[in-house]
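K.L.:
I'm passing along final-v8.cif; it holds mmCIF, C-alpha atoms and all ligand atoms.
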data_coords
loop_
_atom_site.group_PDB
_atom_site.id
_atom_site.type_symbol
_atom_site.label_atom_id
_atom_site.label_comp_id
_atom_site.auth_asym_id
_atom_site.auth_seq_id
_atom_site.Cartn_x
_atom_site.Cartn_y
_atom_site.Cartn_z
ATOM 1 C CA MET H 98 -10.605 -6.785 -15.015
ATOM 2 C CA THR H 99 -12.382 -7.716 -11.805
ATOM 3 C CA SER H 100 -14.282 -5.248 -9.634
ATOM 4 C CA ASN H 101 -12.449 -3.590 -6.778
ATOM 5 C CA GLN H 102 -15.362 -1.783 -5.214
ATOM 6 C CA GLN H 103 -15.525 -4.107 -2.219
ATOM 7 C CA VAL H 104 -15.015 -2.523 1.163
ATOM 8 C CA PRO H 105 -13.022 -4.433 3.795
ATOM 9 C CA SER H 106 -15.017 -5.570 6.823
ATOM 10 C CA ASN H 107 -14.110 -4.240 10.255
ATOM 11 C CA GLU H 108 -12.418 -7.580 10.941
ATOM 12 C CA GLN H 109 -10.365 -7.276 7.768
ATOM 13 C CA TRP H 110 -9.347 -3.731 8.685
ATOM 14 C CA ALA H 111 -8.280 -4.957 12.113
ATOM 15 C CA GLU H 112 -6.171 -7.683 10.466
ATOM 16 C CA LEU H 113 -4.674 -5.217 8.007
ATOM 17 C CA GLU H 114 -3.761 -2.842 10.815
ATOM 18 C CA MET H 115 -2.121 -5.598 12.831
ATOM 19 C CA ALA H 116 -0.232 -6.862 9.770
ATOM 20 C CA ALA H 117 1.010 -3.362 8.894
ATOM 21 C CA ARG H 118 2.240 -2.831 12.462
ATOM 22 C CA LEU H 119 4.098 -6.144 12.385
ATOM 23 C CA ALA H 120 5.544 -5.413 8.945
ATOM 24 C CA ALA H 121 7.081 -2.155 10.158
ATOM 25 C CA LYS H 122 9.242 -4.222 12.525
ATOM 26 C CA GLN H 123 10.909 -5.790 9.459
ATOM 27 C CA ALA H 124 11.759 -2.415 7.947
ATOM 28 C CA TYR H 125 15.353 -1.853 6.891
ATOM 29 C CA ALA H 126 15.756 1.877 7.384
ATOM 30 C CA PRO H 127 19.268 2.522 8.694
ATOM 31 C CA TYR H 128 19.542 5.830 6.794
ATOM 32 C CA SER H 129 16.249 7.588 7.392
ATOM 33 C CA LYS H 130 15.372 5.693 10.611
ATOM 34 C CA PHE H 131 11.804 6.133 9.362
ATOM 35 C CA THR H 132 10.228 2.683 9.486
ATOM 36 C CA VAL H 133 7.098 1.903 7.504
ATOM 37 C CA GLY H 134 4.885 -1.170 7.328
ATOM 38 C CA ALA H 135 2.192 -1.821 4.746
ATOM 39 C CA ALA H 136 -0.470 -4.486 4.408
ATOM 40 C CA ILE H 137 -2.616 -5.016 1.342
ATOM 41 C CA LEU H 138 -5.852 -6.969 1.003
ATOM 42 C CA ASP H 139 -6.145 -8.754 -2.327
ATOM 43 C CA GLY H 140 -9.246 -9.698 -4.300
ATOM 44 C CA ASN H 141 -9.217 -13.186 -2.769
ATOM 45 C CA GLY H 142 -9.261 -11.827 0.778
ATOM 46 C CA LYS H 143 -5.598 -12.596 1.370
ATOM 47 C CA ILE H 144 -3.325 -10.144 3.191
ATOM 48 C CA HIS H 145 0.243 -9.441 2.040
ATOM 49 C CA ILE H 146 2.806 -7.322 3.826
ATOM 50 C CA GLY H 147 5.724 -5.102 2.927
ATOM 51 C CA CYS H 148 8.216 -2.836 4.656
ATOM 52 C CA ASN H 149 10.578 -0.170 3.436
ATOM 53 C CA VAL H 150 13.983 -1.477 2.385
ATOM 54 C CA GLU H 151 16.615 1.224 2.072
ATOM 55 C CA ASN H 152 19.935 1.131 0.267
ATOM 56 C CA ALA H 153 23.359 2.746 0.690
ATOM 57 C CA SER H 154 22.643 4.157 -2.758
ATOM 58 C CA TYR H 155 19.743 6.109 -1.280
ATOM 59 C CA GLY H 156 17.683 6.446 -4.445
ATOM 60 C CA LEU H 157 17.311 2.686 -4.710
ATOM 61 C CA SER H 158 15.352 2.490 -1.462
ATOM 62 C CA ASN H 159 11.947 0.859 -1.776
ATOM 63 C CA CYS H 160 8.823 1.925 0.096
ATOM 64 C CA ALA H 161 6.715 -0.433 2.166
ATOM 65 C CA GLU H 162 3.667 -0.208 -0.106
ATOM 66 C CA ARG H 163 5.637 -1.132 -3.215
ATOM 67 C CA THR H 164 7.395 -3.958 -1.393
ATOM 68 C CA ALA H 165 3.961 -5.345 -0.465
ATOM 69 C CA VAL H 166 2.667 -5.154 -4.046
ATOM 70 C CA TYR H 167 5.778 -6.736 -5.568
ATOM 71 C CA ALA H 168 5.960 -9.494 -2.954
ATOM 72 C CA ALA H 169 2.255 -10.290 -3.339
ATOM 73 C CA ARG H 170 2.587 -10.541 -7.091
ATOM 74 C CA ALA H 171 5.813 -12.537 -7.020
ATOM 75 C CA ASN H 172 4.746 -14.955 -4.300
ATOM 76 C CA HIS H 173 1.013 -15.298 -4.912
ATOM 77 C CA GLY H 174 0.208 -13.920 -8.366
ATOM 78 C CA MET H 175 -1.898 -11.189 -6.758
ATOM 79 C CA GLN H 176 -4.187 -9.600 -9.371
ATOM 80 C CA GLU H 177 -6.184 -7.011 -7.485
ATOM 81 C CA VAL H 178 -5.767 -4.876 -4.384
ATOM 82 C CA LEU H 179 -8.906 -3.881 -2.476
ATOM 83 C CA ALA H 180 -7.274 -1.979 0.359
ATOM 84 C CA VAL H 181 -3.949 -0.903 1.780
ATOM 85 C CA CYS H 182 -3.058 -0.024 5.346
ATOM 86 C CA ILE H 183 0.130 1.876 6.100
ATOM 87 C CA TYR H 184 1.595 2.084 9.592
ATOM 88 C CA THR H 185 4.338 4.357 10.856
ATOM 89 C CA PRO H 186 5.436 4.578 14.515
ATOM 90 C CA THR H 187 4.878 8.324 14.464
ATOM 91 C CA PRO H 188 2.477 10.741 16.197
ATOM 92 C CA VAL H 189 0.675 11.463 12.904
ATOM 93 C CA PRO H 190 -0.200 9.131 10.014
ATOM 94 C CA THR H 191 1.933 8.963 6.852
ATOM 95 C CA PRO H 192 0.224 9.147 3.452
ATOM 96 C CA PRO H 193 1.594 6.989 0.608
ATOM 97 C CA CYS H 194 4.186 8.735 -1.562
ATOM 98 C CA GLY H 195 3.452 9.555 -5.182
ATOM 99 C CA ALA H 196 5.420 6.616 -6.572
ATOM 100 C CA CYS H 197 3.516 4.194 -4.356
ATOM 101 C CA ARG H 198 0.181 5.711 -5.371
ATOM 102 C CA GLN H 199 1.066 5.021 -8.990
ATOM 103 C CA VAL H 200 2.133 1.426 -8.308
ATOM 104 C CA LEU H 201 -0.976 0.767 -6.205
ATOM 105 C CA ASN H 202 -3.143 2.236 -8.980
ATOM 106 C CA GLU H 203 -2.093 -0.575 -11.313
ATOM 107 C CA PHE H 204 -3.905 -3.141 -9.158
ATOM 108 C CA GLY H 205 -6.752 -1.161 -7.605
ATOM 109 C CA PRO H 206 -7.569 2.337 -8.846
ATOM 110 C CA THR H 207 -10.407 2.731 -6.339
ATOM 111 C CA MET H 208 -8.890 0.812 -3.438
ATOM 112 C CA ARG H 209 -9.372 1.968 0.131
ATOM 113 C CA VAL H 210 -6.324 3.595 1.698
ATOM 114 C CA ARG H 211 -5.847 3.820 5.446
ATOM 115 C CA ALA H 212 -2.817 5.159 7.291
ATOM 116 C CA ILE H 213 -2.414 4.605 11.014
ATOM 117 C CA CYS H 214 0.195 5.635 13.537
ATOM 118 C CA ASP H 215 0.862 5.743 17.258
ATOM 119 C CA GLY H 216 -1.331 8.809 17.697
ATOM 120 C CA GLU H 217 -5.101 9.202 17.470
ATOM 121 C CA ASP H 218 -5.190 10.452 13.886
ATOM 122 C CA MET H 219 -5.728 8.257 10.880
ATOM 123 C CA ILE H 220 -6.089 8.820 7.172
ATOM 124 C CA ASP H 221 -9.087 7.080 5.596
ATOM 125 C CA SER H 222 -9.303 7.686 1.885
ATOM 126 C CA THR H 223 -9.420 6.048 -1.523
ATOM 127 C CA LEU H 224 -6.745 5.870 -4.170
ATOM 128 C CA ASP H 225 -8.805 7.769 -6.735
ATOM 129 C CA LEU H 226 -8.997 10.687 -4.302
ATOM 130 C CA LEU H 227 -5.257 10.526 -3.621
ATOM 131 C CA LEU H 228 -4.281 10.124 -7.293
ATOM 132 C CA PRO H 229 -6.870 11.972 -9.380
ATOM 133 C CA GLY H 230 -6.650 11.689 -13.147
ATOM 134 C CA ALA H 231 -4.287 8.743 -12.873
ATOM 135 C CA PHE H 232 -2.427 7.228 -15.783
ATOM 136 C CA GLY H 233 -3.023 3.481 -15.802
ATOM 137 C CA PRO H 234 -3.412 0.295 -17.810
ATOM 138 C CA LYS H 235 -6.514 1.646 -19.521
ATOM 139 C CA ASN H 236 -4.537 4.418 -21.207
ATOM 140 C CA LEU H 237 -2.362 1.833 -22.938
ATOM 141 C CA GLN H 238 -5.408 -0.203 -23.982
ATOM 142 C CA ASP H 239 -7.072 2.928 -25.372
ATOM 143 C CA ALA H 240 -3.955 3.799 -27.368
ATOM 144 C CA ALA H 241 -3.786 0.351 -28.989
ATOM 145 C CA HIS H 242 -6.775 0.959 -31.311
HETATM 146 N N1 LIG H 301 8.466 5.478 2.786
HETATM 147 C C1 LIG H 301 7.613 4.423 2.640
HETATM 148 O O1 LIG H 301 7.976 3.272 2.907
HETATM 149 N N2 LIG H 301 6.363 4.669 2.187
HETATM 150 C C2 LIG H 301 5.891 5.917 1.857
HETATM 151 O O2 LIG H 301 4.816 6.017 1.288
HETATM 152 C C3 LIG H 301 6.666 7.097 2.237
HETATM 153 C C4 LIG H 301 8.118 6.849 2.468
HETATM 154 C C5 LIG H 301 9.828 5.220 3.243
HETATM 155 C C6 LIG H 301 10.887 5.434 2.194
HETATM 156 C C7 LIG H 301 12.108 5.676 3.043
HETATM 157 O O3 LIG H 301 12.687 4.425 3.382
HETATM 158 C C8 LIG H 301 11.570 6.315 4.309
HETATM 159 O O4 LIG H 301 10.158 6.071 4.298
HETATM 160 C C9 LIG H 301 11.817 7.816 4.396
HETATM 161 O O5 LIG H 301 11.390 8.453 3.238
#
Taking this structure as input, can you express it in the form of structure tokens?
P.N.:
Amino acid sequence: MTSNQQVPSNEQWAELEMAARLAAKQAYAPYSKFTVGAAILDGNGKIHIGCNVENASYGLSNCAERTAVYAARANHGMQEVLAVCIYTPTPVPTPPCGACRQVLNEFGPTMRVRAICDGEDMIDSTLDLLLPGAFGPKNLQDAAH
């Protein structure tokens, strides 16, 4: 497993923020009307985007962060996530939901997490703070012997 301790540069954060804002425009959220964009920075310095995609069968809706992870893996074989930026066109920032924290954990347990919005506030954190005591790939490896 490669290291994911790297911190994005200010330029990379600026790119992530712009990508997350653009991604939110692709959101398909006819039910909640709550659009979300996410951008992830992978271990090779590449940025991948995702948006929420809802469904008439509400429970099948997919969050922006998970869309970004799945698209990055499917399209580019992404192996590691260093940082995620989440944008919502709201007055306050939106933290990633529990399911997304778990999916993000698979590819970057200590990744940086930033949430931005149309207001002044932002969330700047790390996944290990947002998902303490996480279950992850290591637990399966430990169980194997
Ligand atoms: N949503 C996300 O895309 N990411 C989150 O972390 C929180 C929630 C979406 C799911 C749903 O389409 C809408 O926001 C309202 O819950």
K.L.:
Please extract the residues at most 10 Å from ligand LIG 301 (chain H), counting only C-alpha atoms and all ligand atoms, and provide them as a PyMOL selection string, using the chain letters and residue numbers of this document.
P.N.:
chain H and resi 121+124-135+147-152+155-164+183-185+191-198+212
K.L.:
What's the separation between atom CA of His173 of chain H and atom CA of Glu112 of chain H, in Å to one decimal place?
P.N.:
18.6 Å
K.L.:
With distances taken over only C-alpha atoms, which residue among H:Val200, H:Val210, H:Ser222, H:Asp215 lies nearest Pro234 of chain H?
P.N.:
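Counting only C-alpha atoms, the residue closest to Pro234 of chain H is H:Val200.
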K.L.:
Give me the residues within 6 Å of Ala136 of chain H as a list in words, counting all atoms listed in the file and dropping any in the same chain fewer than 6 places off.
P.N.:
Leu113, Ala116, Ala117, His145, Ile146, Val181 and Cys182 of chain H
K.L.:
So how far away is atom CA of Asp221 of chain H from atom CA of Asn172 of chain H, in Å?
P.N.:
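Computing the Euclidean distance for atom CA of Asn172 of chain H and atom CA of Asp221 of chain H yields 27.8 Å.
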K.L.:
Would you mind reading off the distance between atom CA of Ala180 of chain H and atom CA of Gly216 of chain H, one decimal, in Å?
P.N.:
21.3 Å
K.L.:
Between H:Thr207, H:Ala240, H:Glu177, H:Ile213, single out the one closest to Leu228 of chain H, counting all atoms listed in the file.
P.N.:
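Checking each candidate against Leu228 of chain H, we get H:Thr207 as the closest.
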